[in-house]
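data-v9.pdb, holding PDB, C-alpha atoms:
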MODEL        1
ATOM      1  CA  MET Z   1      90.893 145.117 218.105
ATOM      2  CA  THR Z   2      90.319 146.083 214.475
ATOM      3  CA  ALA Z   3      92.335 144.309 211.806
ATOM      4  CA  ALA Z   4      94.613 146.527 209.771
ATOM      5  CA  ILE Z   5      93.441 147.106 206.229
ATOM      6  CA  HIS Z   6      96.215 146.606 203.705
ATOM      7  CA  PRO Z   7      95.976 147.952 200.166
ATOM      8  CA  ALA Z   8      96.030 145.432 197.349
ATOM      9  CA  LYS Z   9      99.410 143.792 196.984
ATOM     10  CA  VAL Z  10      99.000 143.693 193.208
ATOM     11  CA  VAL Z  11      97.087 146.175 191.055
ATOM     12  CA  VAL Z  12      95.551 144.456 188.024
ATOM     13  CA  THR Z  13      94.431 146.384 184.942
ATOM     14  CA  PRO Z  14      92.801 144.708 181.932
ATOM     15  CA  THR Z  15      94.121 145.713 178.514
ATOM     16  CA  GLU Z  16      91.964 146.282 175.419
ATOM     17  CA  ILE Z  17      91.799 142.468 175.300
ATOM     18  CA  SER Z  18      90.278 141.923 178.733
ATOM     19  CA  GLU Z  19      91.917 138.547 179.423
ATOM     20  CA  VAL Z  20      95.409 140.028 178.908
ATOM     21  CA  LEU Z  21      96.240 141.707 182.209
ATOM     22  CA  VAL Z  22      98.809 144.244 183.383
ATOM     23  CA  LEU Z  23      99.959 143.525 186.937
ATOM     24  CA  GLU Z  24     101.719 146.113 189.057
ATOM     25  CA  PRO Z  25     103.139 144.783 192.323
ATOM     26  CA  ARG Z  26     103.605 147.063 195.319
ATOM     27  CA  VAL Z  27     107.106 148.447 195.602
ATOM     28  CA  PHE Z  28     108.561 149.516 198.936
ATOM     29  CA  GLY Z  29     111.473 151.928 198.732
ATOM     30  CA  ASP Z  30     113.661 154.083 200.901
ATOM     31  CA  GLN Z  31     117.171 155.576 200.798
ATOM     32  CA  ARG Z  32     118.662 152.052 200.592
ATOM     33  CA  GLY Z  33     116.748 151.038 197.452
ATOM     34  CA  TRP Z  34     113.512 149.101 196.988
ATOM     35  CA  PHE Z  35     111.814 145.733 197.537
ATOM     36  CA  THR Z  36     108.910 144.058 195.760
ATOM     37  CA  GLU Z  37     107.372 140.621 195.936
ATOM     38  CA  SER Z  38     107.604 139.735 192.247
ATOM     39  CA  PHE Z  39     105.276 136.728 192.530
ATOM     40  CA  ASN Z  40     103.030 135.281 195.217
ATOM     41  CA  ALA Z  41     100.601 132.550 194.121
ATOM     42  CA  GLN Z  42      97.923 133.537 196.659
ATOM     43  CA  ASP Z  43      98.075 137.233 195.760
ATOM     44  CA  PHE Z  44      98.095 136.466 192.021
ATOM     45  CA  SER Z  45      95.024 134.261 192.388
ATOM     46  CA  ALA Z  46      93.187 136.785 194.574
ATOM     47  CA  ALA Z  47      93.970 139.695 192.231
ATOM     48  CA  THR Z  48      93.177 137.930 188.943
ATOM     49  CA  ASN Z  49      90.584 135.295 189.949
ATOM     50  CA  LEU Z  50      92.864 132.759 188.219
ATOM     51  CA  ASP Z  51      93.970 129.603 189.978
ATOM     52  CA  LEU Z  52      97.025 128.561 187.988
ATOM     53  CA  GLU Z  53     100.074 126.454 188.473
ATOM     54  CA  PHE Z  54     103.259 127.774 186.911
ATOM     55  CA  VAL Z  55     105.638 124.946 185.992
ATOM     56  CA  GLN Z  56     108.582 126.600 184.254
ATOM     57  CA  ASP Z  57     110.553 129.846 184.619
ATOM     58  CA  ASN Z  58     112.528 131.228 181.658
ATOM     59  CA  HIS Z  59     115.142 133.979 181.517
ATOM     60  CA  SER Z  60     116.413 135.536 178.288
ATOM     61  CA  PHE Z  61     118.971 138.210 177.446
ATOM     62  CA  SER Z  62     118.667 140.206 174.208
ATOM     63  CA  ARG Z  63     120.236 143.205 172.525
ATOM     64  CA  GLN Z  64     118.517 146.332 171.192
ATOM     65  CA  SER Z  65     116.239 145.881 168.156
ATOM     66  CA  THR Z  66     115.966 142.121 168.742
ATOM     67  CA  LEU Z  67     112.469 140.910 168.010
ATOM     68  CA  ARG Z  68     111.476 137.588 169.578
ATOM     69  CA  GLY Z  69     108.137 136.178 168.486
ATOM     70  CA  MET Z  70     105.367 135.741 167.764
ATOM     71  CA  HIS Z  71     105.426 132.306 169.441
ATOM     72  CA  TYR Z  72     102.785 129.861 170.670
ATOM     73  CA  GLN Z  73     102.293 126.121 171.164
ATOM     74  CA  LEU Z  74      99.390 124.151 169.702
ATOM     75  CA  GLU Z  75      99.813 121.393 172.292
ATOM     76  CA  HIS Z  76     100.814 122.035 175.895
ATOM     77  CA  THR Z  77      99.449 125.526 175.339
ATOM     78  CA  GLN Z  78     101.101 128.003 177.667
ATOM     79  CA  GLY Z  79      99.850 130.922 179.672
ATOM     80  CA  LYS Z  80     102.720 133.314 180.415
ATOM     81  CA  LEU Z  81     103.404 135.834 183.160
ATOM     82  CA  VAL Z  82     106.187 138.047 181.784
ATOM     83  CA  ARG Z  83     108.355 140.843 183.160
ATOM     84  CA  VAL Z  84     111.594 142.710 182.556
ATOM     85  CA  ILE Z  85     114.342 142.976 185.181
ATOM     86  CA  SER Z  86     116.817 145.039 183.136
ATOM     87  CA  GLY Z  87     116.008 147.322 180.200
ATOM     88  CA  ALA Z  88     112.698 147.700 178.353
ATOM     89  CA  VAL Z  89     110.572 145.907 175.754
ATOM     90  CA  PHE Z  90     107.469 146.470 173.652
ATOM     91  CA  ASP Z  91     105.562 143.301 174.604
ATOM     92  CA  VAL Z  92     102.809 142.005 172.297
ATOM     93  CA  ALA Z  93     100.021 139.407 172.531
ATOM     94  CA  VAL Z  94      97.836 138.370 169.555
ATOM     95  CA  ASP Z  95      94.491 136.634 170.167
ATOM     96  CA  LEU Z  96      94.337 133.350 168.198
ATOM     97  CA  ARG Z  97      91.108 132.049 169.758
ATOM     98  CA  LYS Z  98      88.495 131.690 167.004
ATOM     99  CA  SER Z  99      85.593 131.948 169.469
ATOM    100  CA  SER Z 100      86.873 135.201 170.972
ATOM    101  CA  PRO Z 101      85.370 138.618 170.158
ATOM    102  CA  THR Z 102      88.965 139.896 169.901
ATOM    103  CA  PHE Z 103      90.138 137.120 167.533
ATOM    104  CA  GLY Z 104      93.009 138.440 165.393
ATOM    105  CA  LYS Z 105      93.498 141.566 167.517
ATOM    106  CA  TRP Z 106      96.727 142.473 169.273
ATOM    107  CA  VAL Z 107      97.626 144.400 172.392
ATOM    108  CA  ALA Z 108     100.994 145.794 173.479
ATOM    109  CA  VAL Z 109     102.445 147.067 176.744
ATOM    110  CA  GLU Z 110     105.845 148.545 177.474
ATOM    111  CA  LEU Z 111     107.481 146.495 180.201
ATOM    112  CA  SER Z 112     110.629 147.780 181.857
ATOM    113  CA  ALA Z 113     112.823 147.344 184.885
ATOM    114  CA  GLU Z 114     111.794 150.874 185.815
ATOM    115  CA  ASN Z 115     107.983 150.443 185.700
ATOM    116  CA  LYS Z 116     108.110 146.860 187.127
ATOM    117  CA  LYS Z 117     104.893 145.985 185.274
ATOM    118  CA  GLN Z 118     104.115 142.373 184.451
ATOM    119  CA  LEU Z 119     101.853 141.041 181.721
ATOM    120  CA  TRP Z 120      99.606 137.976 181.961
ATOM    121  CA  ILE Z 121      99.074 136.378 178.545
ATOM    122  CA  PRO Z 122      96.575 133.496 178.660
ATOM    123  CA  PRO Z 123      96.778 130.322 176.581
ATOM    124  CA  GLY Z 124      95.514 130.843 173.031
ATOM    125  CA  PHE Z 125      97.701 133.864 172.262
ATOM    126  CA  ALA Z 126     100.851 134.370 170.222
ATOM    127  CA  HIS Z 127     103.465 136.314 172.184
ATOM    128  CA  GLY Z 128     106.573 138.284 171.331
ATOM    129  CA  PHE Z 129     108.577 141.372 172.177
ATOM    130  CA  LEU Z 130     110.862 144.008 170.687
ATOM    131  CA  VAL Z 131     113.864 145.181 172.728
ATOM    132  CA  LEU Z 132     113.767 148.964 173.184
ATOM    133  CA  SER Z 133     116.845 149.423 175.388
ATOM    134  CA  PRO Z 134     120.531 148.647 174.654
ATOM    135  CA  THR Z 135     120.020 145.249 176.330
ATOM    136  CA  VAL Z 136     117.200 143.515 178.178
ATOM    137  CA  GLU Z 137     116.745 140.671 180.624
ATOM    138  CA  PHE Z 138     113.293 139.164 180.264
ATOM    139  CA  LEU Z 139     111.702 136.678 182.692
ATOM    140  CA  TYR Z 140     108.568 134.634 182.247
ATOM    141  CA  LYS Z 141     106.662 131.971 184.079
ATOM    142  CA  THR Z 142     104.661 129.429 182.061
ATOM    143  CA  THR Z 143     101.668 127.239 182.864
ATOM    144  CA  ASP Z 144     102.974 124.343 180.767
ATOM    145  CA  TYR Z 145     106.341 123.070 179.643
ATOM    146  CA  TYR Z 146     108.110 124.023 176.440
ATOM    147  CA  HIS Z 147     106.998 121.632 173.690
ATOM    148  CA  PRO Z 148     109.106 122.306 170.581
ATOM    149  CA  GLN Z 149     107.189 119.772 168.468
ATOM    150  CA  SER Z 150     104.044 121.920 168.593
ATOM    151  CA  GLU Z 151     105.633 125.384 168.577
ATOM    152  CA  VAL Z 152     104.394 127.781 165.907
ATOM    153  CA  CYS Z 153     105.638 131.223 164.968
ATOM    154  CA  LEU Z 154     103.211 133.802 163.591
ATOM    155  CA  ALA Z 155     104.921 136.267 161.244
ATOM    156  CA  TRP Z 156     105.883 139.370 163.218
ATOM    157  CA  ASN Z 157     105.117 141.533 160.161
ATOM    158  CA  ASP Z 158     101.831 139.958 159.083
ATOM    159  CA  PRO Z 159      99.816 142.633 157.208
ATOM    160  CA  ILE Z 160      96.448 141.343 158.472
ATOM    161  CA  VAL Z 161      97.412 141.434 162.154
ATOM    162  CA  ASN Z 162      99.385 144.637 161.459
ATOM    163  CA  ILE Z 163     101.284 145.037 164.730
ATOM    164  CA  GLU Z 164     102.549 148.610 165.012
ATOM    165  CA  TRP Z 165     106.101 147.898 166.166
ATOM    166  CA  PRO Z 166     107.900 151.047 167.388
ATOM    167  CA  PHE Z 167     110.867 150.897 165.015
ATOM    168  CA  ALA Z 168     112.957 153.887 164.111
ATOM    169  CA  ALA Z 169     112.223 154.967 160.526
ATOM    170  CA  SER Z 170     115.030 153.026 158.848
ATOM    171  CA  ALA Z 171     115.518 150.266 161.436
ATOM    172  CA  THR Z 172     114.965 146.582 160.823
ATOM    173  CA  PRO Z 173     114.584 144.052 163.615
ATOM    174  CA  ASN Z 174     117.251 141.557 164.567
ATOM    175  CA  LEU Z 175     115.579 138.156 163.991
ATOM    176  CA  ASN Z 176     116.666 134.549 164.239
ATOM    177  CA  ALA Z 177     115.861 132.028 161.467
ATOM    178  CA  LYS Z 178     112.699 130.752 163.192
ATOM    179  CA  ASP Z 179     111.225 134.229 163.612
ATOM    180  CA  SER Z 180     112.190 135.208 160.058
ATOM    181  CA  ALA Z 181     110.212 132.213 158.759
ATOM    182  CA  GLY Z 182     107.017 132.886 160.750
ATOM    183  CA  LEU Z 183     103.707 131.889 159.180
ATOM    184  CA  PHE Z 184     101.370 134.551 157.876
ATOM    185  CA  TRP Z 185      97.876 134.812 159.358
ATOM    186  CA  GLU Z 186      96.140 132.769 156.673
ATOM    187  CA  GLN Z 187      98.539 129.815 157.145
ATOM    188  CA  ALA Z 188      99.033 130.006 160.920
ATOM    189  CA  PRO Z 189      96.993 127.440 162.906
ATOM    190  CA  LYS Z 190      94.492 128.946 165.352
ATOM    191  CA  PHE Z 191      92.715 127.711 168.469
TER     192      PHE Z 191
ENDMDL
END
How does this structure look as structure tokens?
Amino acid sequence: MTAAIHPAKVVVTPTEISEVLVLEPRVFGDQRGWFTESFNAQDFSAATNLDLEFVQDNHSFSRQSTLRGMHYQLEHTQGKLVRVISGAVFDVAVDLRKSSPTFGKWVAVELSAENKKQLWIPPGFAHGFLVLSPTVEFLYKTTDYYHPQSEVCLAWNDPIVNIEWPFAASATPNLNAKDSAGLFWEQAPKF
């Protein structure tokens, strides 16, 4: 008897920064709706060649034009697997690793409930997102615990990094105090 061959459970596509990965899980749908396995440790490891332990799950709700980021931790550095379950975001990762050929570069992916894409952001990156829809629910798994004492915020509008946020011509982002006071590239600690 021949074993059935099953297509990959997760399709993984590297971004322009090869360590930042887009994951697309298989979705099974019919007239009733759809089903997807949003995370499976074995499948994640097999698809990415990463053997990681996720220790914390976070869930946030935000309104349109909210910009959260660009956050990272100097200690207890986190890798993040992020996804959207309602709405859409412009999700951004900035490489802060001095030894990397993509040091100082950024990559962005639109994540939405509709496209069901996930983004793997390894440790050593600043991360943030802009809400594109009226509201969004954003989920992320982390490889280490939140450590507020070592959290840093890179300025979302740093002219050196120059993230091309998709704002409407006259729009300004909705920021909290921490994100408004982000450090510019020259002052922000790196890895």
Anything within 10 Å of (101.9, 148.7, 176.7): list those residues as a PyMOL selection string, counting only C-alpha atoms and sticking to the file's coordinates.
chain Z and resi 15+22+89-92+107-111+117+119
Limited to C-alpha atoms, could you put the picked residues into a file as a PDB file, keeping the file's coordinate frame?
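Result file selection-v8.pdb:
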ATOM      1  CA  THR Z  15      94.121 145.713 178.514  1.00  0.00           C
ATOM      2  CA  VAL Z  22      98.809 144.244 183.383  1.00  0.00           C
ATOM      3  CA  VAL Z  89     110.572 145.907 175.754  1.00  0.00           C
ATOM      4  CA  PHE Z  90     107.469 146.470 173.652  1.00  0.00           C
ATOM      5  CA  ASP Z  91     105.562 143.301 174.604  1.00  0.00           C
ATOM      6  CA  VAL Z  92     102.809 142.005 172.297  1.00  0.00           C
ATOM      7  CA  VAL Z 107      97.626 144.400 172.392  1.00  0.00           C
ATOM      8  CA  ALA Z 108     100.994 145.794 173.479  1.00  0.00           C
ATOM      9  CA  VAL Z 109     102.445 147.067 176.744  1.00  0.00           C
ATOM     10  CA  GLU Z 110     105.845 148.545 177.474  1.00  0.00           C
ATOM     11  CA  LEU Z 111     107.481 146.495 180.201  1.00  0.00           C
ATOM     12  CA  LYS Z 117     104.893 145.985 185.274  1.00  0.00           C
ATOM     13  CA  LEU Z 119     101.853 141.041 181.721  1.00  0.00           C
TER      14      LEU Z 119
END
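Picked by the PyMOL selection byres ((chain Z and resi 171-185) around 6) from the coordinates shown: Ser65, Thr66, Leu67, Cys153, Leu154, Ala155, Asp158, Phe167, Ala168, Ala169, Ser170, Glu186, Gln187 and Ala188 of chain Z.
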Selection under test: the PyMOL selection byres ((chain Z and resi 113) around 9); residues as a PyMOL selection string
chain Z and resi 83-88+111-112+114-117+136-137
Which is closer to Ser99 in chain Z than all the others in Z:Phe138, Z:Phe191, Z:Phe28, Z:Trp120, using only C-alpha atoms?
Z:Phe191
Find the spatial neighbours of Tyr145 in chain Z, counting all atoms listed in the file, within a cut-off of 7 Å - ignore same-chain residues fewer than 6 positions away - and output them as a ChimeraX atom specification.
/Z:55-56,76
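Nearest residue to Glu24 in chain Z among Z:Ser45, Z:Gln73, Z:Gln78, Z:Gln118 is Z:Gln118, counting only C-alpha atoms.
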